[in-house]
$ cat start16.pdb   # PDB, C-alpha atoms and all ligand atoms
ATOM      1  CA  MET V 181    -110.474  48.129 -23.239
ATOM      2  CA  ALA V 182    -107.844  49.509 -20.848
ATOM      3  CA  ARG V 183    -104.722  47.380 -20.840
ATOM      4  CA  GLU V 184    -102.809  46.500 -17.739
ATOM      5  CA  LEU V 185     -99.817  48.780 -17.492
ATOM      6  CA  LEU V 186     -96.561  47.454 -16.106
ATOM      7  CA  THR V 187     -93.749  49.546 -14.689
ATOM      8  CA  ALA V 188     -90.393  48.733 -16.227
ATOM      9  CA  ARG V 189     -87.293  49.911 -14.385
ATOM     10  CA  LEU V 190     -84.219  50.806 -16.361
ATOM     11  CA  ALA V 191     -81.312  48.680 -15.187
ATOM     12  CA  ARG V 192     -78.781  49.537 -17.910
ATOM     13  CA  LYS V 193     -78.594  51.826 -20.883
ATOM     14  CA  GLU V 194     -75.794  51.866 -23.433
ATOM     15  CA  CYS V 195     -75.291  53.933 -26.545
ATOM     16  CA  ILE V 196     -74.359  51.305 -29.145
ATOM     17  CA  SER V 197     -73.843  53.782 -31.985
ATOM     18  CA  GLU V 198     -73.113  57.452 -31.402
ATOM     19  CA  VAL V 199     -73.411  58.206 -35.101
ATOM     20  CA  ALA V 200     -76.820  56.567 -35.486
ATOM     21  CA  GLN V 201     -77.874  57.550 -31.944
ATOM     22  CA  CYS V 202     -78.909  53.999 -31.174
ATOM     23  CA  TYR V 203     -79.362  52.779 -27.613
ATOM     24  CA  HIS V 204     -79.599  49.406 -25.945
ATOM     25  CA  PHE V 205     -81.756  49.155 -22.798
ATOM     26  CA  ASP V 206     -82.116  46.493 -20.102
ATOM     27  CA  PHE V 207     -85.409  46.764 -18.208
ATOM     28  CA  VAL V 208     -86.673  44.881 -15.145
ATOM     29  CA  LEU V 209     -90.337  44.366 -14.218
ATOM     30  CA  ASP V 210     -90.025  44.331 -10.439
ATOM     31  CA  GLU V 211     -93.722  43.554  -9.880
ATOM     32  CA  LEU V 212     -93.520  40.294 -11.886
ATOM     33  CA  GLU V 213     -91.625  37.090 -11.217
ATOM     34  CA  SER V 214     -91.406  36.362 -14.896
ATOM     35  CA  PHE V 215     -92.339  38.044 -18.139
ATOM     36  CA  PRO V 216     -92.876  35.253 -20.652
ATOM     37  CA  PHE V 217     -92.913  36.151 -24.342
ATOM     38  CA  VAL V 218     -92.102  34.565 -27.669
ATOM     39  CA  SER V 219     -88.985  35.849 -29.428
ATOM     40  CA  GLY V 220     -90.035  38.402 -32.054
ATOM     41  CA  GLN V 221     -92.815  39.968 -29.947
ATOM     42  CA  PHE V 222     -92.916  43.613 -28.880
ATOM     43  CA  VAL V 223     -93.992  45.735 -25.933
ATOM     44  CA  SER V 224     -95.973  48.962 -26.190
ATOM     45  CA  GLY V 225     -94.449  51.898 -24.363
ATOM     46  CA  VAL V 226     -96.932  54.449 -23.001
ATOM     47  CA  ALA V 227     -96.101  58.016 -21.921
ATOM     48  CA  PRO V 228     -97.865  61.405 -21.895
ATOM     49  CA  ASP V 229     -96.561  64.007 -24.357
ATOM     50  CA  ASP V 230     -96.155  67.745 -23.491
ATOM     51  CA  LYS V 231     -99.895  68.268 -24.078
ATOM     52  CA  GLY V 232    -100.709  65.484 -21.614
ATOM     53  CA  LYS V 233    -101.913  63.147 -24.400
ATOM     54  CA  GLN V 234    -101.027  59.459 -23.868
ATOM     55  CA  GLN V 235     -98.711  58.284 -26.624
ATOM     56  CA  THR V 236     -98.109  54.605 -27.350
ATOM     57  CA  ARG V 237     -95.260  53.158 -29.454
ATOM     58  CA  ALA V 238     -94.232  49.592 -30.173
ATOM     59  CA  TYR V 239     -90.708  48.316 -29.451
ATOM     60  CA  SER V 240     -89.537  44.808 -30.281
ATOM     61  CA  MET V 241     -87.860  42.820 -27.579
ATOM     62  CA  ALA V 242     -84.144  42.608 -28.387
ATOM     63  CA  SER V 243     -83.621  39.640 -26.067
ATOM     64  CA  ALA V 244     -85.144  36.206 -25.556
ATOM     65  CA  ALA V 245     -87.438  35.743 -22.543
ATOM     66  CA  ASN V 246     -85.321  35.871 -19.378
ATOM     67  CA  GLY V 247     -87.085  35.970 -16.001
ATOM     68  CA  ASN V 248     -88.647  39.385 -15.362
ATOM     69  CA  ARG V 249     -86.224  41.234 -17.684
ATOM     70  CA  PHE V 250     -86.399  42.390 -21.274
ATOM     71  CA  GLU V 251     -84.121  44.392 -23.544
ATOM     72  CA  LEU V 252     -84.817  46.969 -26.229
ATOM     73  CA  CYS V 253     -82.807  48.526 -29.051
ATOM     74  CA  VAL V 254     -84.068  51.970 -30.050
ATOM     75  CA  ASN V 255     -82.702  54.721 -32.235
ATOM     76  CA  ARG V 256     -83.569  58.370 -31.974
ATOM     77  CA  VAL V 257     -85.962  59.514 -34.703
ATOM     78  CA  GLU V 258     -85.598  63.191 -35.538
ATOM     79  CA  GLU V 259     -88.404  65.136 -33.844
ATOM     80  CA  GLY V 260     -89.809  61.800 -32.656
ATOM     81  CA  PHE V 261     -91.557  61.776 -29.300
ATOM     82  CA  PHE V 262     -91.071  58.326 -27.792
ATOM     83  CA  SER V 263     -87.658  57.416 -29.194
ATOM     84  CA  ASN V 264     -86.229  60.606 -27.694
ATOM     85  CA  HIS V 265     -88.102  60.013 -24.427
ATOM     86  CA  LEU V 266     -86.303  56.649 -24.163
ATOM     87  CA  ALA V 267     -82.932  57.872 -25.390
ATOM     88  CA  ASP V 268     -83.052  60.707 -22.841
ATOM     89  CA  LEU V 269     -83.847  58.458 -19.860
ATOM     90  CA  PRO V 270     -81.166  59.404 -17.376
ATOM     91  CA  ASP V 271     -78.348  56.900 -17.119
ATOM     92  CA  LEU V 272     -77.752  57.700 -13.493
ATOM     93  CA  PRO V 273     -79.158  57.047 -11.073
ATOM     94  CA  ILE V 274     -80.205  53.834 -12.763
ATOM     95  CA  GLY V 275     -83.819  53.306 -11.888
ATOM     96  CA  SER V 276     -85.806  55.521 -14.276
ATOM     97  CA  THR V 277     -89.077  53.827 -15.124
ATOM     98  CA  ILE V 278     -91.393  53.600 -18.126
ATOM     99  CA  GLN V 279     -94.901  52.204 -18.484
ATOM    100  CA  ILE V 280     -95.492  49.344 -20.895
ATOM    101  CA  HIS V 281     -98.073  46.783 -21.865
ATOM    102  CA  GLY V 282     -97.578  43.534 -23.693
ATOM    103  CA  PRO V 283     -96.156  41.274 -24.932
ATOM    104  CA  HIS V 284     -97.850  41.616 -28.319
ATOM    105  CA  GLY V 285     -97.353  40.510 -31.904
ATOM    106  CA  HIS V 286     -97.091  37.544 -34.228
ATOM    107  CA  PHE V 287     -93.676  38.126 -35.784
ATOM    108  CA  VAL V 288     -92.381  34.831 -34.425
ATOM    109  CA  LEU V 289     -90.442  31.861 -35.761
ATOM    110  CA  GLN V 290     -92.410  29.104 -37.464
ATOM    111  CA  GLN V 291     -92.416  25.792 -35.646
ATOM    112  CA  PRO V 292     -90.814  23.400 -36.234
ATOM    113  CA  ILE V 293     -87.682  25.414 -37.035
ATOM    114  CA  THR V 294     -86.654  25.339 -40.697
ATOM    115  CA  ASP V 295     -83.783  26.907 -42.604
ATOM    116  CA  SER V 296     -84.382  30.631 -42.016
ATOM    117  CA  ILE V 297     -83.131  33.854 -43.542
ATOM    118  CA  LEU V 298     -83.366  36.807 -41.143
ATOM    119  CA  VAL V 299     -83.224  40.153 -42.946
ATOM    120  CA  ALA V 300     -83.044  43.400 -40.984
ATOM    121  CA  THR V 301     -81.991  46.980 -41.291
ATOM    122  CA  GLY V 302     -81.378  49.420 -38.439
ATOM    123  CA  THR V 303     -83.156  48.578 -35.196
ATOM    124  CA  GLY V 304     -85.035  45.869 -37.127
ATOM    125  CA  VAL V 305     -82.194  43.741 -35.782
ATOM    126  CA  ALA V 306     -83.925  43.707 -32.358
ATOM    127  CA  PRO V 307     -86.310  40.770 -32.971
ATOM    128  CA  MET V 308     -83.541  38.945 -34.842
ATOM    129  CA  ARG V 309     -81.322  39.153 -31.773
ATOM    130  CA  SER V 310     -84.267  37.805 -29.754
ATOM    131  CA  TYR V 311     -84.661  34.869 -32.194
ATOM    132  CA  LEU V 312     -80.943  34.126 -32.100
ATOM    133  CA  GLN V 313     -80.798  34.174 -28.304
ATOM    134  CA  TRP V 314     -83.678  31.700 -28.269
ATOM    135  CA  LEU V 315     -82.199  29.464 -30.982
ATOM    136  CA  PHE V 316     -78.710  29.471 -29.500
ATOM    137  CA  PRO V 317     -78.983  30.113 -25.733
ATOM    138  CA  ALA V 318     -75.931  31.277 -23.824
ATOM    139  CA  ASP V 319     -75.894  28.031 -21.784
ATOM    140  CA  GLY V 320     -74.665  26.233 -24.916
ATOM    141  CA  SER V 321     -77.954  24.434 -25.697
ATOM    142  CA  ASP V 322     -79.269  24.657 -29.239
ATOM    143  CA  ARG V 323     -82.853  24.874 -30.577
ATOM    144  CA  SER V 324     -81.874  25.315 -34.223
ATOM    145  CA  ASP V 325     -82.129  21.577 -34.962
ATOM    146  CA  GLY V 326     -79.092  21.948 -37.251
ATOM    147  CA  LYS V 327     -81.044  24.169 -39.680
ATOM    148  CA  GLN V 328     -79.173  26.870 -41.574
ATOM    149  CA  ILE V 329     -79.816  30.356 -40.159
ATOM    150  CA  TRP V 330     -78.627  33.437 -42.015
ATOM    151  CA  LEU V 331     -78.689  36.976 -40.629
ATOM    152  CA  VAL V 332     -78.459  39.556 -43.416
ATOM    153  CA  TYR V 333     -78.069  42.937 -41.763
ATOM    154  CA  GLY V 334     -78.150  46.085 -43.857
ATOM    155  CA  THR V 335     -76.979  49.503 -42.824
ATOM    156  CA  ARG V 336     -75.025  52.382 -44.264
ATOM    157  CA  HIS V 337     -71.781  52.571 -42.336
ATOM    158  CA  GLU V 338     -69.615  50.219 -40.327
ATOM    159  CA  SER V 339     -70.266  52.351 -37.208
ATOM    160  CA  ASP V 340     -73.960  51.359 -37.252
ATOM    161  CA  ILE V 341     -73.599  47.575 -37.284
ATOM    162  CA  TYR V 342     -75.368  46.922 -33.983
ATOM    163  CA  TYR V 343     -74.323  43.902 -31.859
ATOM    164  CA  ARG V 344     -71.616  43.014 -34.367
ATOM    165  CA  ALA V 345     -69.226  41.407 -31.862
ATOM    166  CA  GLU V 346     -72.029  39.193 -30.490
ATOM    167  CA  PHE V 347     -73.123  37.957 -33.900
ATOM    168  CA  GLU V 348     -69.534  37.389 -35.040
ATOM    169  CA  ALA V 349     -68.870  35.349 -31.895
ATOM    170  CA  LEU V 350     -72.040  33.328 -32.514
ATOM    171  CA  ALA V 351     -71.063  32.658 -36.141
ATOM    172  CA  ALA V 352     -67.636  31.479 -34.948
ATOM    173  CA  ARG V 353     -69.286  29.128 -32.435
ATOM    174  CA  LYS V 354     -72.139  27.792 -34.602
ATOM    175  CA  PRO V 355     -71.314  26.576 -38.128
ATOM    176  CA  ASN V 356     -75.021  26.687 -39.107
ATOM    177  CA  PHE V 357     -75.295  30.424 -38.300
ATOM    178  CA  HIS V 358     -74.140  32.777 -41.042
ATOM    179  CA  TYR V 359     -73.735  36.489 -40.370
ATOM    180  CA  LEU V 360     -73.765  38.815 -43.374
ATOM    181  CA  PRO V 361     -73.515  42.528 -42.496
ATOM    182  CA  THR V 362     -73.916  44.495 -45.708
ATOM    183  CA  LEU V 363     -73.090  48.167 -46.081
ATOM    184  CA  SER V 364     -74.709  50.510 -48.599
ATOM    185  CA  ARG V 365     -72.257  53.384 -48.010
ATOM    186  CA  ALA V 366     -69.154  51.565 -46.913
ATOM    187  CA  GLU V 367     -65.893  53.371 -46.326
ATOM    188  CA  ALA V 368     -62.960  52.291 -48.552
ATOM    189  CA  SER V 369     -61.494  50.204 -45.703
ATOM    190  CA  TRP V 370     -64.563  47.894 -45.487
ATOM    191  CA  THR V 371     -63.744  44.426 -46.838
ATOM    192  CA  GLY V 372     -67.186  42.875 -46.250
ATOM    193  CA  LEU V 373     -70.349  42.852 -48.370
ATOM    194  CA  ARG V 374     -71.508  46.034 -50.082
ATOM    195  CA  GLY V 375     -74.877  47.103 -51.471
ATOM    196  CA  HIS V 376     -78.392  46.404 -50.251
ATOM    197  CA  VAL V 377     -79.726  43.406 -48.339
ATOM    198  CA  GLN V 378     -81.368  42.019 -51.481
ATOM    199  CA  GLU V 379     -77.972  41.136 -52.989
ATOM    200  CA  PRO V 380     -76.783  38.620 -50.366
ATOM    201  CA  LEU V 381     -80.384  37.429 -49.989
ATOM    202  CA  VAL V 382     -80.638  36.557 -53.695
ATOM    203  CA  ARG V 383     -77.300  34.721 -53.501
ATOM    204  CA  ILE V 384     -78.414  32.691 -50.459
ATOM    205  CA  VAL V 385     -81.646  31.644 -52.191
ATOM    206  CA  GLU V 386     -79.941  30.766 -55.493
ATOM    207  CA  GLU V 387     -77.048  28.857 -53.932
ATOM    208  CA  ARG V 388     -79.331  26.922 -51.590
ATOM    209  CA  ALA V 389     -81.702  25.946 -54.415
ATOM    210  CA  ALA V 390     -78.720  24.810 -56.539
ATOM    211  CA  ARG V 391     -77.250  22.837 -53.622
ATOM    212  CA  LEU V 392     -80.561  21.065 -52.954
ATOM    213  CA  GLY V 393     -81.388  20.595 -56.647
ATOM    214  CA  GLN V 394     -84.578  22.666 -56.273
ATOM    215  CA  PRO V 395     -85.934  24.600 -59.283
ATOM    216  CA  LEU V 396     -86.040  28.407 -59.251
ATOM    217  CA  PRO V 397     -88.510  30.005 -59.536
ATOM    218  CA  ALA V 398     -90.127  27.575 -57.141
ATOM    219  CA  PRO V 399     -93.145  25.739 -58.615
ATOM    220  CA  PRO V 400     -96.511  27.196 -57.531
ATOM    221  CA  VAL V 401     -98.095  25.800 -54.380
ATOM    222  CA  ASP V 402    -101.346  23.851 -54.842
ATOM    223  CA  PRO V 403    -103.993  26.605 -54.310
ATOM    224  CA  THR V 404    -106.480  24.130 -52.813
ATOM    225  CA  LEU V 405    -104.238  23.566 -49.775
ATOM    226  CA  LEU V 406    -105.368  25.156 -46.517
ATOM    227  CA  ASN V 407    -102.922  27.424 -44.677
ATOM    228  CA  SER V 408    -102.581  24.766 -41.978
ATOM    229  CA  GLU V 409    -101.468  22.279 -44.656
ATOM    230  CA  LEU V 410     -98.723  24.500 -46.062
ATOM    231  CA  ASN V 411     -95.307  23.190 -45.255
ATOM    232  CA  PHE V 412     -92.132  24.957 -46.401
ATOM    233  CA  ASP V 413     -88.509  24.025 -45.798
ATOM    234  CA  ILE V 414     -87.354  27.645 -45.611
ATOM    235  CA  TYR V 415     -88.817  30.962 -44.400
ATOM    236  CA  THR V 416     -87.566  34.528 -44.529
ATOM    237  CA  TYR V 417     -88.224  36.923 -41.639
ATOM    238  CA  ILE V 418     -87.897  40.610 -42.511
ATOM    239  CA  CYS V 419     -87.890  43.561 -40.118
ATOM    240  CA  GLY V 420     -87.282  47.264 -40.656
ATOM    241  CA  LEU V 421     -88.753  50.176 -42.537
ATOM    242  CA  ASN V 422     -91.454  49.572 -45.129
ATOM    243  CA  GLU V 423     -89.355  50.376 -48.201
ATOM    244  CA  MET V 424     -86.799  47.663 -47.415
ATOM    245  CA  VAL V 425     -89.469  45.159 -46.351
ATOM    246  CA  SER V 426     -91.356  45.665 -49.655
ATOM    247  CA  GLY V 427     -88.162  45.347 -51.719
ATOM    248  CA  VAL V 428     -87.208  42.064 -50.049
ATOM    249  CA  ARG V 429     -90.726  40.671 -50.406
ATOM    250  CA  GLU V 430     -90.660  41.479 -54.131
ATOM    251  CA  SER V 431     -87.305  39.729 -54.606
ATOM    252  CA  LEU V 432     -88.605  36.578 -52.921
ATOM    253  CA  THR V 433     -91.910  36.650 -54.782
ATOM    254  CA  ALA V 434     -89.932  36.789 -58.042
ATOM    255  CA  PHE V 435     -88.334  33.479 -56.971
ATOM    256  CA  GLY V 436     -91.812  31.966 -56.700
ATOM    257  CA  TRP V 437     -91.843  32.061 -52.899
ATOM    258  CA  HIS V 438     -95.305  31.739 -51.353
ATOM    259  CA  LYS V 439     -96.517  34.712 -49.291
ATOM    260  CA  LYS V 440     -96.738  32.524 -46.180
ATOM    261  CA  GLN V 441     -92.985  31.878 -46.456
ATOM    262  CA  ILE V 442     -92.284  35.577 -46.060
ATOM    263  CA  VAL V 443     -92.907  36.758 -42.508
ATOM    264  CA  PHE V 444     -92.414  40.453 -41.865
ATOM    265  CA  GLU V 445     -92.699  43.322 -39.385
ATOM    266  CA  ARG V 446     -92.751  46.943 -40.533
ATOM    267  CA  TYR V 447     -91.645  49.689 -38.191
ATOM    268  CA  ASP V 448     -93.281  52.568 -40.125
TER     269      ASP V 448
HETATM  270  C1  LIG C 501     -94.201  46.334 -34.213
HETATM  271  C2  LIG C 501     -93.215  47.474 -34.139
HETATM  272  C3  LIG C 501     -91.997  47.266 -33.475
HETATM  273  C4  LIG C 501     -91.086  48.330 -33.396
HETATM  274  N1  LIG C 501     -89.888  48.100 -32.791
HETATM  275  C5  LIG C 501     -88.959  49.087 -32.754
HETATM  276  C6  LIG C 501     -87.676  48.839 -32.153
HETATM  277  O1  LIG C 501     -87.380  47.743 -31.669
HETATM  278  N2  LIG C 501     -86.777  49.861 -32.142
HETATM  279  C7  LIG C 501     -87.081  51.102 -32.677
HETATM  280  O2  LIG C 501     -86.196  51.996 -32.638
HETATM  281  N3  LIG C 501     -88.281  51.339 -33.258
HETATM  282  C8  LIG C 501     -89.219  50.382 -33.291
HETATM  283  N4  LIG C 501     -90.451  50.626 -33.854
HETATM  284  C9  LIG C 501     -90.767  52.001 -34.273
HETATM  285  C10 LIG C 501     -91.338  52.757 -33.043
HETATM  286  O3  LIG C 501     -92.597  52.218 -32.662
HETATM  287  C11 LIG C 501     -91.560  54.251 -33.311
HETATM  288  O4  LIG C 501     -92.304  54.396 -34.493
HETATM  289  C12 LIG C 501     -90.256  55.022 -33.440
HETATM  290  O5  LIG C 501     -89.477  54.906 -32.243
HETATM  291  C13 LIG C 501     -90.578  56.509 -33.674
HETATM  292  O6  LIG C 501     -91.417  56.952 -32.642
HETATM  293  P1  LIG C 501     -91.327  58.429 -32.125
HETATM  294  O7  LIG C 501     -92.429  58.641 -31.141
HETATM  295  O8  LIG C 501     -89.926  58.762 -31.701
HETATM  296  O9  LIG C 501     -91.589  59.278 -33.434
HETATM  297  P2  LIG C 501     -92.984  59.959 -33.861
HETATM  298  O10 LIG C 501     -93.215  61.134 -32.974
HETATM  299  O11 LIG C 501     -94.029  58.886 -33.924
HETATM  300  O12 LIG C 501     -92.668  60.366 -35.361
HETATM  301  C14 LIG C 501     -91.810  61.444 -35.728
HETATM  302  C15 LIG C 501     -91.539  61.401 -37.222
HETATM  303  O13 LIG C 501     -90.683  60.290 -37.559
HETATM  304  C16 LIG C 501     -91.285  59.441 -38.539
HETATM  305  N5  LIG C 501     -90.981  58.058 -38.110
HETATM  306  C17 LIG C 501     -91.760  57.289 -37.302
HETATM  307  N6  LIG C 501     -91.153  56.116 -37.058
HETATM  308  C18 LIG C 501     -89.974  56.149 -37.697
HETATM  309  C19 LIG C 501     -88.894  55.238 -37.779
HETATM  310  N7  LIG C 501     -88.922  54.031 -37.167
HETATM  311  N8  LIG C 501     -87.818  55.619 -38.519
HETATM  312  C20 LIG C 501     -87.778  56.817 -39.131
HETATM  313  N9  LIG C 501     -88.781  57.709 -39.073
HETATM  314  C21 LIG C 501     -89.860  57.390 -38.376
HETATM  315  C22 LIG C 501     -92.767  59.731 -38.487
HETATM  316  O14 LIG C 501     -93.341  59.518 -39.759
HETATM  317  C23 LIG C 501     -92.802  61.200 -38.072
HETATM  318  O15 LIG C 501     -92.652  62.017 -39.195
HETATM  319  C24 LIG C 501     -91.377  49.592 -33.977
HETATM  320  C25 LIG C 501     -92.610  49.780 -34.626
HETATM  321  C26 LIG C 501     -93.503  48.734 -34.717
HETATM  322  C27 LIG C 501     -94.801  48.958 -35.443
END
$ encode --input "start16.pdb" --output "structure tokens"
Amino acid sequence: MARELLTARLARKECISEVAQCYHFDFVLDELESFPFVSGQFVSGVAPDDKGKQQTRAYSMASAANGNRFELCVNRVEEGFFSNHLADLPDLPIGSTIQIHGPHGHFVLQQPITDSILVATGTGVAPMRSYLQWLFPADGSDRSDGKQIWLVYGTRHESDIYYRAEFEALAARKPNFHYLPTLSRAEASWTGLRGHVQEPLVRIVEERAARLGQPLPAPPVDPTLLNSELNFDIYTYICGLNEMVSGVRESLTAFGWHKKQIVFERYD
């Protein structure tokens, strides 16, 4: 079935890491009054390649729903068609357009909100930024219900920690938000966390279980329960490339976490 295509006009484009060739985009859908979506969803970009074949690629919204606007965070993939198409959109005059359809996807926060560990690498941070904008809106309201929210962000170098200043400011403002950028190839001057995302993740899970007096590994869930009856007090949301997503899922499974507690989106 043909999907309704929407024209999204580029309102702002910013290179947020020269080294990683990562770009932030603000788009406006002039034909709509509002573009409602749930944080964590994506749009599909559609464009013809040099042979005239329509290509479609998914891009997570990097912002919470906001009128008829949405934001994306995209890095160039070597030889990649759509990521380069976006990264090459001319900055000036602002007003280049792309075709999209959506919103799509189920990578969304469980309701009601529980303690949540957000784990991302690279542009996998996009849906996490969308979640955080929804949980902690700029107008000072708060949908987190006092739950603990951790963002574990993994990348190689300090130069590719996207949106760092925003997340640091949020962590300074909200005591229940914890920001843990973790570098796998840190320069000597880096004083923060080193290694892969699994390391801080394991510490969060162990320390929380100890604090709450919960056993680890967690006891098995009654297999006769229906999905709708499952009720956990913590979830992990993982987004990025498959290798990282699989590694994090394995670490959590080793702690006895139920598969429904591990919500993930793979980019490849
Ligand atoms: C649900 C979903 C949400 C996504 N959200 C985002 C997002 O917010 N930001 C973003 O930058 N990307 C996102 N992606 C990835 C995006 O859809 C494209 O796969 C990516 O931009 C590459 O497309 P391309 O046309 O440039 O490369 P292609 O022409 O499709 O591929 C070129 C080569 O790169 C490899 N490749 C494909 N994807 C990747 C990748 N992500 N990293 C490294 N190598 C790759 C391919 O195997 C191929 O060899 C998302 C993917 C999914 C499924």
$ residues_around --input "start16.pdb" --residues "stretch 291-305 of chain V" --least-positions-apart "2" --cutoff "6 Å" --atoms "all atoms listed in the file" --output "ChimeraX atom specification"
/V:307-308,327-335,413-420
$ write_last_selection --input "start16.pdb" --atoms "C-alpha atoms" --output "short mmCIF file (atom, residue, chain, number, x, y, z; two decimals), in the coordinates of the input"
data_model
loop_
_atom_site.label_atom_id
_atom_site.label_comp_id
_atom_site.auth_asym_id
_atom_site.auth_seq_id
_atom_site.Cartn_x
_atom_site.Cartn_y
_atom_site.Cartn_z
CA PRO V 307 -86.31 40.77 -32.97
CA MET V 308 -83.54 38.94 -34.84
CA LYS V 327 -81.04 24.17 -39.68
CA GLN V 328 -79.17 26.87 -41.57
CA ILE V 329 -79.82 30.36 -40.16
CA TRP V 330 -78.63 33.44 -42.02
CA LEU V 331 -78.69 36.98 -40.63
CA VAL V 332 -78.46 39.56 -43.42
CA TYR V 333 -78.07 42.94 -41.76
CA GLY V 334 -78.15 46.08 -43.86
CA THR V 335 -76.98 49.50 -42.82
CA ASP V 413 -88.51 24.02 -45.80
CA ILE V 414 -87.35 27.64 -45.61
CA TYR V 415 -88.82 30.96 -44.40
CA THR V 416 -87.57 34.53 -44.53
CA TYR V 417 -88.22 36.92 -41.64
CA ILE V 418 -87.90 40.61 -42.51
CA CYS V 419 -87.89 43.56 -40.12
CA GLY V 420 -87.28 47.26 -40.66
#
$ closest_residue --input "start16.pdb" --among "V:Asp229, V:Glu423, V:Asp448, V:Glu213" --to "ligand LIG 501 (chain C)" --atoms "all atoms listed in the file"
V:Asp448
$ residues_near_ligand --input "start16.pdb" --ligand "ligand LIG 501 (chain C)" --cutoff "6 Å" --atoms "only C-alpha atoms and all ligand atoms" --output "ChimeraX atom specification"
/V:222,237-240,253-255,257,259-264,303,306,446-448
$ residues_around --input "start16.pdb" --residues "V:His204" --least-positions-apart "6" --cutoff "7 Å" --atoms "only C-alpha atoms" --output "VMD selection string"
chain V and resid 193 to 196 252 to 254
$ closest_atom_pairs --input "start16.pdb" --of "stretch 259-345 of chain V" --to "stretch 437-445 of chain V" --cutoff "9 Å" --atoms "all atoms listed in the file" --output "JSON lines"
{"residue": "V:His286", "atom": "CA", "partner": "V:Glu445", "partner_atom": "CA", "distance": 8.9}
{"residue": "V:Phe287", "atom": "CA", "partner": "V:Glu445", "partner_atom": "CA", "distance": 6.4}
{"residue": "V:Val288", "atom": "CA", "partner": "V:Val443", "partner_atom": "CA", "distance": 8.3}
{"residue": "V:Leu289", "atom": "CA", "partner": "V:Val443", "partner_atom": "CA", "distance": 8.7}
{"residue": "V:Gly304", "atom": "CA", "partner": "V:Glu445", "partner_atom": "CA", "distance": 8.4}
